[in-house]
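Okay, so here's the structure we're looking at.
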Amino acid sequence: MTPGFDVPFLLGMMRLSDSPALSDPRILADWIEARLDEGLVWFDHADTYGDRRCEMLFGEALALRPALKPRIRVVTKAGVVLRSRDSSRFGVKHYDTSPAYLGKAIDASLSRLGVERLDHFLVQRPDPLMDVNATAHALDAAIAAGKVGAVGVSNFLPEQWRRLQQAMANPLAVHQLELSLAHPDSLFSGLYDAVLSDGHQPMAWSSLGGGSVFEDVLGTAIERIAKELQISHAGLALAWLRRLPGQPIPVIGTLKESRIRELAREGRVDLDRPTWFALLEEARSQRVT
Ligand SMILES: NC(=O)c1ccc[n+]([C@@H]2O[C@H](COP(=O)([O-])OP(=O)(O)OC[C@H]3O[C@@H](n4cnc5c(N)ncnc54)[C@H](OP(=O)(O)O)[C@@H]3O)[C@@H](O)[C@H]2O)c1
């Protein structure tokens, strides 16, 4: 049984290998333990992050402190072959959702992280060459083998995930999509509604737009409104996201403890409709019609 997401956000690990402060496994183990003590138990990985290095660093820290393993919950993703990993004469970045590739990727993530199970495994990108029956069978088999708690998708369109779902025995559980004040498009294209209609738990990646919500016109508006509400800029940007129906779970990227604590404290602030729409207008640089 896969546990639920009783957390204010997932901790994104994409920037881990870029953090000199956390490059020592002992320091990283302390950092992970501190997050667990704060109740932040979900960590979001992908084999592409740092070209596998982020999962590897995380696994090294867990190996030093195995008592942390039963406390952590892991999401990871695969299906993207980086240019540097393509041994063909093209050296081309591409997608691979074949059973052989995904099977190996799941085993490799389990081994790098040093855990017995990936709580959620997501197909990272829709692959135009996907053989849905074969891929669906491989994903169901990973669940049956106990290697994966649940399967989900990331960056798929409704017809893409529905075709995969039709061939699967298990339900697709989560959908990770780009969603923030910097990228609100899925709220107007029908994509976000489709995620909710199909019963997927939405996860919003780059929930602060990779930091871009703090820039330009939007950044100025956030600064002004945050001051009025007496919360931080980042807390306001996260609260905007969490105001949506379906309780999207933000995936945040900072690894700085003070910023994580600030987001945990202030991201749950309730925004009223006028404030939510005022921020939307600034984000889209257009009046609500
Ligand atoms: N499924 C997918 O296709 C996909 C794609 C991309 C990302 N993701 C996931 O989403 C996660 C988050 O992505 P992201 O790193 O772009 O997330 P983000 O939370 O939108 O952006 C993090 C960036 O914002 C900066 N920032 C500036 N002021 C901040 C503040 N007050 N509080 C917090 N952050 C602040 C951070 O700087 P500092 O680091 O200096 O604090 C960092 O550079 C990734 O780690 C990954 O797990 C998934």
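Please note that chains go A, B, ... in the order of the structure tokens, that every chain numbers its residues from 1, and that ligands are numbered from 1 in the order shown.
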Residues of chain A at most 6 Å from ligand 1: nearest atom pair and distance in Å, only C-alpha atoms and all ligand atoms, as JSON lines:
{"residue": "A:Gly12", "atom": "CA", "partner": "ligand 1", "partner_atom_place_in_ligand_line": "45 (O)", "distance": 3.1}
{"residue": "A:Met13", "atom": "CA", "partner": "ligand 1", "partner_atom_place_in_ligand_line": "45 (O)", "distance": 4.3}
{"residue": "A:Met14", "atom": "CA", "partner": "ligand 1", "partner_atom_place_in_ligand_line": "45 (O)", "distance": 3.7}
{"residue": "A:Arg15", "atom": "CA", "partner": "ligand 1", "partner_atom_place_in_ligand_line": "45 (O)", "distance": 5.8}
{"residue": "A:Asp44", "atom": "CA", "partner": "ligand 1", "partner_atom_place_in_ligand_line": "47 (O)", "distance": 4.6}
{"residue": "A:His45", "atom": "CA", "partner": "ligand 1", "partner_atom_place_in_ligand_line": "47 (O)", "distance": 5.5}
{"residue": "A:Gln124", "atom": "CA", "partner": "ligand 1", "partner_atom_place_in_ligand_line": "3 (O)", "distance": 6.0}
{"residue": "A:Ser154", "atom": "CA", "partner": "ligand 1", "partner_atom_place_in_ligand_line": "1 (N)", "distance": 5.2}
{"residue": "A:Gln176", "atom": "CA", "partner": "ligand 1", "partner_atom_place_in_ligand_line": "1 (N)", "distance": 5.3}
{"residue": "A:Trp205", "atom": "CA", "partner": "ligand 1", "partner_atom_place_in_ligand_line": "10 (O)", "distance": 4.0}
{"residue": "A:Ser206", "atom": "CA", "partner": "ligand 1", "partner_atom_place_in_ligand_line": "20 (O)", "distance": 3.3}
{"residue": "A:Ser207", "atom": "CA", "partner": "ligand 1", "partner_atom_place_in_ligand_line": "20 (O)", "distance": 4.2}
{"residue": "A:Leu208", "atom": "CA", "partner": "ligand 1", "partner_atom_place_in_ligand_line": "20 (O)", "distance": 3.3}
{"residue": "A:Gly209", "atom": "CA", "partner": "ligand 1", "partner_atom_place_in_ligand_line": "20 (O)", "distance": 4.0}
{"residue": "A:Gly210", "atom": "CA", "partner": "ligand 1", "partner_atom_place_in_ligand_line": "21 (O)", "distance": 3.2}
{"residue": "A:Gly211", "atom": "CA", "partner": "ligand 1", "partner_atom_place_in_ligand_line": "24 (O)", "distance": 3.4}
{"residue": "A:Ala234", "atom": "CA", "partner": "ligand 1", "partner_atom_place_in_ligand_line": "31 (N)", "distance": 4.8}
{"residue": "A:Val251", "atom": "CA", "partner": "ligand 1", "partner_atom_place_in_ligand_line": "10 (O)", "distance": 4.9}
{"residue": "A:Ile252", "atom": "CA", "partner": "ligand 1", "partner_atom_place_in_ligand_line": "19 (O)", "distance": 3.7}
{"residue": "A:Gly253", "atom": "CA", "partner": "ligand 1", "partner_atom_place_in_ligand_line": "15 (O)", "distance": 3.2}
{"residue": "A:Thr254", "atom": "CA", "partner": "ligand 1", "partner_atom_place_in_ligand_line": "39 (O)", "distance": 4.0}
{"residue": "A:Leu255", "atom": "CA", "partner": "ligand 1", "partner_atom_place_in_ligand_line": "39 (O)", "distance": 5.8}
{"residue": "A:Lys256", "atom": "CA", "partner": "ligand 1", "partner_atom_place_in_ligand_line": "41 (O)", "distance": 5.4}
{"residue": "A:Arg259", "atom": "CA", "partner": "ligand 1", "partner_atom_place_in_ligand_line": "32 (N)", "distance": 4.9}
Problem set entry | Residue contacts of Tyr101 (chain A) (12 Å, only C-alpha atoms) excluding same-chain residues fewer than 5 positions away, as a list in words |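 Final neighbour list, sorted by chain and number: Ala78, Gly79, Val80, Val81, Tyr95, Asp96, Ile106, Asp107, Ala108, Val123, Met130, Ala134, Thr135, Ala138 and Leu139 of chain A.
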Residues of the last selection are to be written out with N, CA and C atoms, as a short mmCIF file (atom, residue, chain, number, x, y, z; two decimals), in the first residue's frame.
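Written output follows (part-v8.cif):
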data_model
loop_
_atom_site.label_atom_id
_atom_site.label_comp_id
_atom_site.auth_asym_id
_atom_site.auth_seq_id
_atom_site.Cartn_x
_atom_site.Cartn_y
_atom_site.Cartn_z
N ALA A 78 11.90 7.96 -14.98
CA ALA A 78 12.85 7.54 -16.01
C ALA A 78 12.14 7.57 -17.35
N GLY A 79 12.89 7.30 -18.39
CA GLY A 79 12.33 7.28 -19.74
C GLY A 79 13.00 8.30 -20.65
N VAL A 80 13.88 9.13 -20.06
CA VAL A 80 14.61 10.11 -20.87
C VAL A 80 16.07 9.66 -20.94
N VAL A 81 16.57 9.51 -22.16
CA VAL A 81 17.98 9.14 -22.35
C VAL A 81 18.73 10.41 -22.73
N TYR A 95 13.73 9.57 -25.92
CA TYR A 95 12.90 8.91 -24.91
C TYR A 95 12.91 7.41 -25.17
N ASP A 96 12.85 6.64 -24.10
CA ASP A 96 12.79 5.19 -24.25
C ASP A 96 11.87 4.63 -23.17
N ILE A 106 14.44 1.07 -13.45
CA ILE A 106 13.87 0.88 -12.11
C ILE A 106 14.89 0.18 -11.22
N ASP A 107 15.50 -0.88 -11.74
CA ASP A 107 16.51 -1.60 -10.94
C ASP A 107 17.68 -0.68 -10.59
N ALA A 108 18.09 0.14 -11.56
CA ALA A 108 19.24 1.01 -11.32
C ALA A 108 18.91 2.08 -10.27
N VAL A 123 6.71 7.77 -15.50
CA VAL A 123 7.27 7.86 -16.85
C VAL A 123 7.42 9.36 -17.11
N MET A 130 6.16 4.81 -27.94
CA MET A 130 5.75 3.86 -26.89
C MET A 130 4.83 2.76 -27.46
N ALA A 134 3.09 -3.18 -24.25
CA ALA A 134 4.34 -3.69 -23.67
C ALA A 134 4.75 -2.84 -22.47
N THR A 135 4.65 -1.52 -22.60
CA THR A 135 5.04 -0.64 -21.49
C THR A 135 4.11 -0.84 -20.29
N ALA A 138 5.01 -3.94 -18.48
CA ALA A 138 6.25 -3.79 -17.69
C ALA A 138 5.97 -3.00 -16.40
N LEU A 139 5.14 -1.98 -16.50
CA LEU A 139 4.85 -1.16 -15.31
C LEU A 139 4.02 -1.95 -14.29
#
Exercise. CA of Glu215 (chain A) and CA of Ala237 (chain A) are how many Å apart?
Worked result: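 These atoms are spaced 12.1 Å apart.
Minimum distance to Phe43 (chain A) across A:Asp272, A:Glu266, A:Glu55, A:Asp193 (counting only C-alpha atoms) occurs at A:Glu55.
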Exercise. Of the residues A:Leu238, A:Ala173, A:Leu181, A:Leu279, which is the one nearest to Gly267 (chain A), using only C-alpha atoms?
Worked result: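 The answer is A:Leu238, which sits nearest to Gly267 (chain A).
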For this session: Go through A:Glu159, A:Glu116, A:Asp47, A:Asp270 one by one, measure the shortest atom-to-atom distance of each to Arg242 (chain A) using only C-alpha atoms, and give the residue with the smallest value.
Result: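 Looking at the shortest contact to Arg242 (chain A), the residue is A:Asp270.
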For this session: Would you mind reading off the distance between CA of Trp161 (chain A) and CA of Gly149 (chain A), one decimal, in Å?
Result: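 Straight-line distance from CA of Trp161 (chain A) to CA of Gly149 (chain A) works out to 18.4 Å.
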Problem set entry | Nearest-residue call for Pro248 (chain A), choices A:Leu10, A:Leu62, A:Leu229, A:Ile27, using only C-alpha atoms | A:Leu10
For this session: Could you give me the residues within region 9-217 of chain A that DSSP places in alpha helix (DSSP H), as JSON, numbers by chain?
Result: {"A": [25, 26, 27, 28, 29, 30, 31, 32, 33, 34, 35, 36, 37, 53, 54, 55, 56, 57, 58, 59, 60, 61, 62, 63, 64, 99, 100, 101, 102, 103, 104, 105, 106, 107, 108, 109, 110, 111, 112, 113, 132, 133, 134, 135, 136, 137, 138, 139, 140, 141, 142, 143, 144, 158, 159, 160, 161, 162, 163, 164, 165, 166, 167, 186, 187, 188, 189, 191, 192, 193, 194, 195, 196, 197, 216, 217]}
